[in-house]
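Enquirer: I am attaching a structure below and will ask some questions about it afterwards.
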Amino acid sequence: MSDSKSLQTSLIHSDYQAPEGFGALPVAVHRASTVVFKDVAALRSRDWREKNAYTYGLHGTPTSFTLEARLAAIEGGTHCLLAPSGLSAIAMVNFGLLKAGDDMLIPDNAYNPNRDLGRWLAQDYGISTRFYDPLIGAGIAGLIQPNTRLVWTEAPGSVTMEVPDIPAICKAVRERRSGGQDIHVAMDNTWAAGIAFRAFDHGVDIVMQALTKYHSGGSDVLMGAVITRDKELNHRLGLAHMRVGFGVGMDDAYLVLRGLPTMKLRFDAHDAGARKVAAWLKARPEIERVLHPAFADCPGHETWQRDFTGAGGLFSVVFDERYTEAQTDRFVDSLKLFKIGFSWGGAHSLCVPYRVQTMRSNWTSKGQLIRFNIGLEDADDLIADIEQALGLLA
């Protein structure tokens with residue numbers, strides 16, 4: 001080919017190469033759909049399942065490989081797969097491990113979209129889905145059937161805050177696996193962010209994280225992750241990742257990477273603020289119960305005390321049953337610093353009222369439940385905001 005190229009071709013094929021040796025603190029953003037190979041032999045030799053080379057943008061660039069490695073290190077795992085959201089990460093686990101005729105167990109207090117996904121798999125795909133008492137502990141052994149392949153756990157439940165005995169559940173599952181059953185424990189560890197609970201050290205096989213929360217910290221990213229310690233298990237999940245096409249944008253991956261250096265500092269600040277606000281609420285006559293795992297009357301508190309090292313910013317309260325839904329809705333609408341919205345882990349405090357009776361099969365409290373996410377505002381300002389809104393309940 002002649003060295004003389006037309007302007008149009010020159011705009012696509014430039015001879016310029018930037019000099020090597022550039023160094024900076026942020027991880028570079030490598031965007032790509034097409035990955036270029038130096039020759040045919042390189043193309044044919046690469047395996048997308050191995051993270052030692054690049055094949056296609058869906059399977060990763062240096063930016064996403066770096067994020068995966070850092071997330072695995074936070075959790076104490078060795079392998080990580082990224083997904084476009086926390087829910088898609090849950091779906092990846094289900095699609096990777098389950099087929100028609102299999103059985104799955106989900107705690108009754110799980111993230112509600114996880115429950116809905118389980119019902120959909122049961123209705124349309126022939127996968128039996130059963131919901132269990134999150135405080136069942138070692139009793140889970142009595143629910144495991146020969147066709148049970150997956151046991152989901154979540155600690156604590158993302159609305160009603162019960163803390164399950166994860167080691168006891170994992171022990172029961174390991175005993176069945178040692179007898180030859182293909183069964184695993186997956187845990188939604190988003191509440192603790194991998195900071196306050198080391199899931200693998202307590203026997204969990206698969207950790208799912210919604211990076212939407214503390215990892216990014218800016219309330220502006222949707223992303224999930226699935227982390228394991230076992231290479232073969234990672235490959236099984238990786239097949240689902242590839243077949244369903246769970247890709248993430250590298251700009252979003254960069255935003256999560258940018259949040260990681262401050263994540264523990266932010267988590268600890270959320271934790272301190274939440275405990276202060278929760279303690280104040282506990283003393284209020286309008287509140288029947290504060291559902292915060294660090295408080296002794298939260299179901300599973302002893303388990304939290306034994307296994308966890310922190311609590312983050314998320315907790316719920318149950319109002320005295322004398323207050324109607326209309327009154328507690330007015331309370332929420334009257335808050336000025338708290339915004340009404342789902343999720344958590346960002347700088348802004350949030351609150352959401354829940355109709356728990358429609359979400360849980362064993363919920364007996366008649367009071368209205370409201371979940372708080374304590375952001376990074378001054379806790380005294382948040383308390384003053386709650387106090388003025390409580391004054392409008394009557």
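Just remember, in the structure tokens the first chain shown is A, the second B, etc., residues are 1-based per chain, and ligands are 1-based in the order shown.
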Residues within 10 Å of Lys336 in chain A, please, as JSON, numbers by chain. Count only C-alpha atoms; anything in the same chain fewer than 6 positions from it doesn't count.
Expert: {"A": [382, 385, 386, 388, 389]}
Enquirer: What's around Lys51 in chain A at 12 Å? Count only C-alpha atoms, leave out sequence neighbours fewer than 4 positions away in its own chain, and write the answer as a PDB file with C-alpha atoms, in the first residue's frame.
Expert:
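selection_6.pdb, freshly written:
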ATOM      1  CA  ARG A  46      -6.848 -15.892  23.298  1.00  0.00           C
ATOM      2  CA  ASP A  47      -9.572 -17.214  25.604  1.00  0.00           C
ATOM      3  CA  THR A  55     -10.629 -10.318  23.198  1.00  0.00           C
ATOM      4  CA  TYR A  56     -13.651  -8.020  22.951  1.00  0.00           C
ATOM      5  CA  HIS A  59     -15.202  -9.131  28.201  1.00  0.00           C
ATOM      6  CA  GLY A  60     -13.149  -6.221  29.462  1.00  0.00           C
ATOM      7  CA  THR A  61     -10.461  -3.612  28.977  1.00  0.00           C
ATOM      8  CA  PRO A  62      -7.606  -2.614  31.315  1.00  0.00           C
ATOM      9  CA  SER A  64     -12.601  -3.060  33.962  1.00  0.00           C
ATOM     10  CA  PHE A  65      -9.882  -5.656  34.673  1.00  0.00           C
ATOM     11  CA  THR A  66      -8.415  -3.253  37.235  1.00  0.00           C
ATOM     12  CA  GLU A  68     -12.508  -6.396  39.012  1.00  0.00           C
ATOM     13  CA  ALA A  69      -9.164  -7.085  40.676  1.00  0.00           C
ATOM     14  CA  THR A  78      -9.861 -13.975  43.600  1.00  0.00           C
ATOM     15  CA  HIS A  79     -12.278 -13.626  40.653  1.00  0.00           C
ATOM     16  CA  CYS A  80     -14.801 -10.920  39.759  1.00  0.00           C
ATOM     17  CA  LEU A  81     -17.368 -10.348  37.013  1.00  0.00           C
ATOM     18  CA  LYS A 231     -11.905 -20.650  39.339  1.00  0.00           C
ATOM     19  CA  ASN A 234     -16.161 -18.300  38.199  1.00  0.00           C
ATOM     20  CA  HIS A 235     -16.082 -19.949  34.759  1.00  0.00           C
ATOM     21  CA  GLY A 238     -18.684 -16.289  33.313  1.00  0.00           C
TER      22      GLY A 238
END
Enquirer: Between A:Ala225, A:Leu233, A:Ala240, A:Ile166, which one has atoms that come closest to His184 in chain A, using only C-alpha atoms?
Expert: A:Leu233
Enquirer: Per residue of range 37-112 of chain A within 9 Å of range 197-219 of chain A, note the shortest atom pair and the distance in Å to one decimal, counting only C-alpha atoms, and order the rows by chain and increasing residue number, as JSON lines.
Expert:
{"residue": "A:Ile74", "atom": "CA", "partner": "A:Arg198", "partner_atom": "CA", "distance": 8.9}
{"residue": "A:Glu75", "atom": "CA", "partner": "A:Arg198", "partner_atom": "CA", "distance": 6.3}
{"residue": "A:Gly76", "atom": "CA", "partner": "A:Phe200", "partner_atom": "CA", "distance": 6.8}
{"residue": "A:Gly77", "atom": "CA", "partner": "A:Phe200", "partner_atom": "CA", "distance": 7.2}
{"residue": "A:Ser85", "atom": "CA", "partner": "A:Ala210", "partner_atom": "CA", "distance": 6.5}
{"residue": "A:Gly86", "atom": "CA", "partner": "A:Ala210", "partner_atom": "CA", "distance": 4.1}
{"residue": "A:Leu87", "atom": "CA", "partner": "A:Ala210", "partner_atom": "CA", "distance": 7.8}
{"residue": "A:Ala89", "atom": "CA", "partner": "A:Met208", "partner_atom": "CA", "distance": 6.6}
{"residue": "A:Ile90", "atom": "CA", "partner": "A:Met208", "partner_atom": "CA", "distance": 6.8}
{"residue": "A:Val93", "atom": "CA", "partner": "A:Ile206", "partner_atom": "CA", "distance": 8.3}
Enquirer: Only N, CA and C atoms, please: the residues just picked out, written as an mmCIF file, in the first residue's frame.
Expert:
data_model
loop_
_atom_site.group_PDB
_atom_site.id
_atom_site.type_symbol
_atom_site.label_atom_id
_atom_site.label_comp_id
_atom_site.auth_asym_id
_atom_site.auth_seq_id
_atom_site.Cartn_x
_atom_site.Cartn_y
_atom_site.Cartn_z
ATOM 1 N N ILE A 74 -11.041 -6.422 47.881
ATOM 2 C CA ILE A 74 -11.828 -5.883 49.000
ATOM 3 C C ILE A 74 -12.588 -6.995 49.706
ATOM 4 N N GLU A 75 -13.158 -7.919 48.930
ATOM 5 C CA GLU A 75 -13.967 -9.002 49.490
ATOM 6 C C GLU A 75 -13.135 -10.183 49.976
ATOM 7 N N GLY A 76 -11.843 -10.210 49.630
ATOM 8 C CA GLY A 76 -11.034 -11.382 49.936
ATOM 9 C C GLY A 76 -11.249 -12.502 48.954
ATOM 10 N N GLY A 77 -11.726 -12.176 47.740
ATOM 11 C CA GLY A 77 -11.916 -13.158 46.684
ATOM 12 C C GLY A 77 -10.771 -13.129 45.687
ATOM 13 N N SER A 85 -25.916 -3.808 36.787
ATOM 14 C CA SER A 85 -26.640 -3.388 37.986
ATOM 15 C C SER A 85 -26.516 -4.485 39.032
ATOM 16 N N GLY A 86 -26.937 -4.182 40.238
ATOM 17 C CA GLY A 86 -26.958 -5.212 41.265
ATOM 18 C C GLY A 86 -27.910 -6.338 40.914
ATOM 19 N N LEU A 87 -29.089 -5.996 40.384
ATOM 20 C CA LEU A 87 -30.064 -7.023 40.019
ATOM 21 C C LEU A 87 -29.544 -7.910 38.898
ATOM 22 N N ALA A 89 -26.493 -8.657 38.434
ATOM 23 C CA ALA A 89 -25.502 -9.539 39.060
ATOM 24 C C ALA A 89 -26.203 -10.723 39.732
ATOM 25 N N ILE A 90 -27.342 -10.473 40.369
ATOM 26 C CA ILE A 90 -28.124 -11.566 40.937
ATOM 27 C C ILE A 90 -28.578 -12.511 39.834
ATOM 28 N N VAL A 93 -25.908 -14.931 38.624
ATOM 29 C CA VAL A 93 -25.719 -16.087 39.499
ATOM 30 C C VAL A 93 -26.801 -17.128 39.222
#
Enquirer: As a ChimeraX atom specification, list the residues of range 34-239 of chain A assigned to strand (DSSP E or B) by DSSP on the backbone atoms of this structure.
Expert: /A:79-83,103-107,128-132,148-154,184-188,206-210,224-228
Enquirer: Write out as number ranges by chain the residues lying within 6 Å of Phe319 in chain A, counting only C-alpha atoms and excluding same-chain residues fewer than 6 positions away.
Expert: A: 286-288, 367-368
Enquirer: Keeping N, CA and C atoms for every residue in the selection just given, could you write it to a file as a PDB file, in the first residue's frame?
Expert:
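Below is the file part.pdb, written as the result:
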ATOM      1  N   GLU A 286     -42.858   8.506  69.371  1.00  0.00           N
ATOM      2  CA  GLU A 286     -43.559   8.171  68.132  1.00  0.00           C
ATOM      3  C   GLU A 286     -43.079   6.855  67.520  1.00  0.00           C
ATOM      4  N   ILE A 287     -41.882   6.405  67.951  1.00  0.00           N
ATOM      5  CA  ILE A 287     -41.244   5.252  67.324  1.00  0.00           C
ATOM      6  C   ILE A 287     -41.422   4.018  68.197  1.00  0.00           C
ATOM      7  N   GLU A 288     -41.989   2.957  67.612  1.00  0.00           N
ATOM      8  CA  GLU A 288     -42.150   1.695  68.327  1.00  0.00           C
ATOM      9  C   GLU A 288     -40.845   0.909  68.373  1.00  0.00           C
ATOM     10  N   GLY A 367     -47.342  -1.258  62.817  1.00  0.00           N
ATOM     11  CA  GLY A 367     -46.861   0.102  62.623  1.00  0.00           C
ATOM     12  C   GLY A 367     -46.292   0.314  61.228  1.00  0.00           C
ATOM     13  N   GLN A 368     -46.264   1.570  60.818  1.00  0.00           N
ATOM     14  CA  GLN A 368     -45.731   1.927  59.498  1.00  0.00           C
ATOM     15  C   GLN A 368     -44.197   1.909  59.543  1.00  0.00           C
TER      16      GLN A 368
END
Enquirer: Could you please determine the separation between CA of Phe295 in chain A and CA of Asp380 in chain A in Å, to one decimal place?
Expert: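 Rounded to one decimal, the two atoms are 19.8 Å apart.
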Enquirer: How many Å separate CA of Glu377 in chain A from CA of His348 in chain A?
Expert: 7.2 Å
Enquirer: Quick one: of A:Asp252, A:Asp333, A:Asp108, A:Asp307, who's nearest to Ala83 in chain A, counting only C-alpha atoms?
Expert: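 Selected residue with least distance to Ala83 in chain A: A:Asp252.
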Enquirer: When you draw a straight line from CA of Ala192 in chain A to CA of Leu121 in chain A, how long is it in Å?
Expert: 27.5 Å
Enquirer: Skipping near chain neighbours, those fewer than 6 positions away, what residues fall within 9 Å of Asp182 in chain A using only C-alpha atoms, listed as a ChimeraX atom specification?
Expert: /A:147-150,176
Enquirer: Restricting the output to N, CA and C atoms, write the selected residues as a compact mmCIF listing (two decimals), in the first residue's frame.
Expert:
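Result written to out.txt:
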# COMPACT_ATOMS: atom_id res chain seq x y z
N ASN A 147 -32.53 -31.62 44.91
CA ASN A 147 -32.37 -30.79 43.71
C ASN A 147 -32.08 -29.33 44.02
N THR A 148 -31.86 -29.00 45.31
CA THR A 148 -31.51 -27.62 45.67
C THR A 148 -30.09 -27.32 45.20
N ARG A 149 -29.95 -26.27 44.41
CA ARG A 149 -28.65 -25.91 43.84
C ARG A 149 -28.10 -24.59 44.36
N LEU A 150 -28.98 -23.74 44.88
CA LEU A 150 -28.54 -22.40 45.26
C LEU A 150 -29.32 -21.93 46.50
N ARG A 176 -23.83 -30.79 52.65
CA ARG A 176 -24.48 -31.41 51.50
C ARG A 176 -23.55 -31.50 50.31
Enquirer: For Pro134 in chain A, find every residue with an atom within 12 Å (counting only C-alpha atoms), except residues of its own chain fewer than 4 positions away, and show them as number ranges by chain.
Expert: A: 105-110, 138-140, 151-158, 160-166, 168-169, 299-300, 360-362
Enquirer: Which of these, A:Val173, A:Thr364, A:Leu350, A:Phe372, has the shortest distance to Ala141 in chain A once you count only C-alpha atoms?
Expert: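 When distances to Ala141 in chain A are compared using only C-alpha atoms, the smallest one comes from A:Val173.
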Enquirer: May I ask which of the residues A:Ala296, A:Ala196, A:Ile340, A:Ile370 is the closest one to Glu325 in chain A, counting only C-alpha atoms?
Expert: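 Under the stated criterion, the closest residue is A:Ile370.
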Enquirer: So which one's closest to Gln327 in chain A, A:Val159, A:Val185, A:Leu265, A:Ala394? Using only C-alpha atoms, please.
Expert: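 Of the candidates, the smallest distance to Gln327 in chain A is held by A:Ala394.
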Enquirer: Which of these residues is nearest to Gly341 in chain A, using only C-alpha atoms: A:Gly224, A:Tyr354, A:His270, A:Gly391?
Expert: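 Nearest candidate to Gly341 in chain A out of A:Gly224, A:Tyr354, A:His270, A:Gly391: A:Tyr354.
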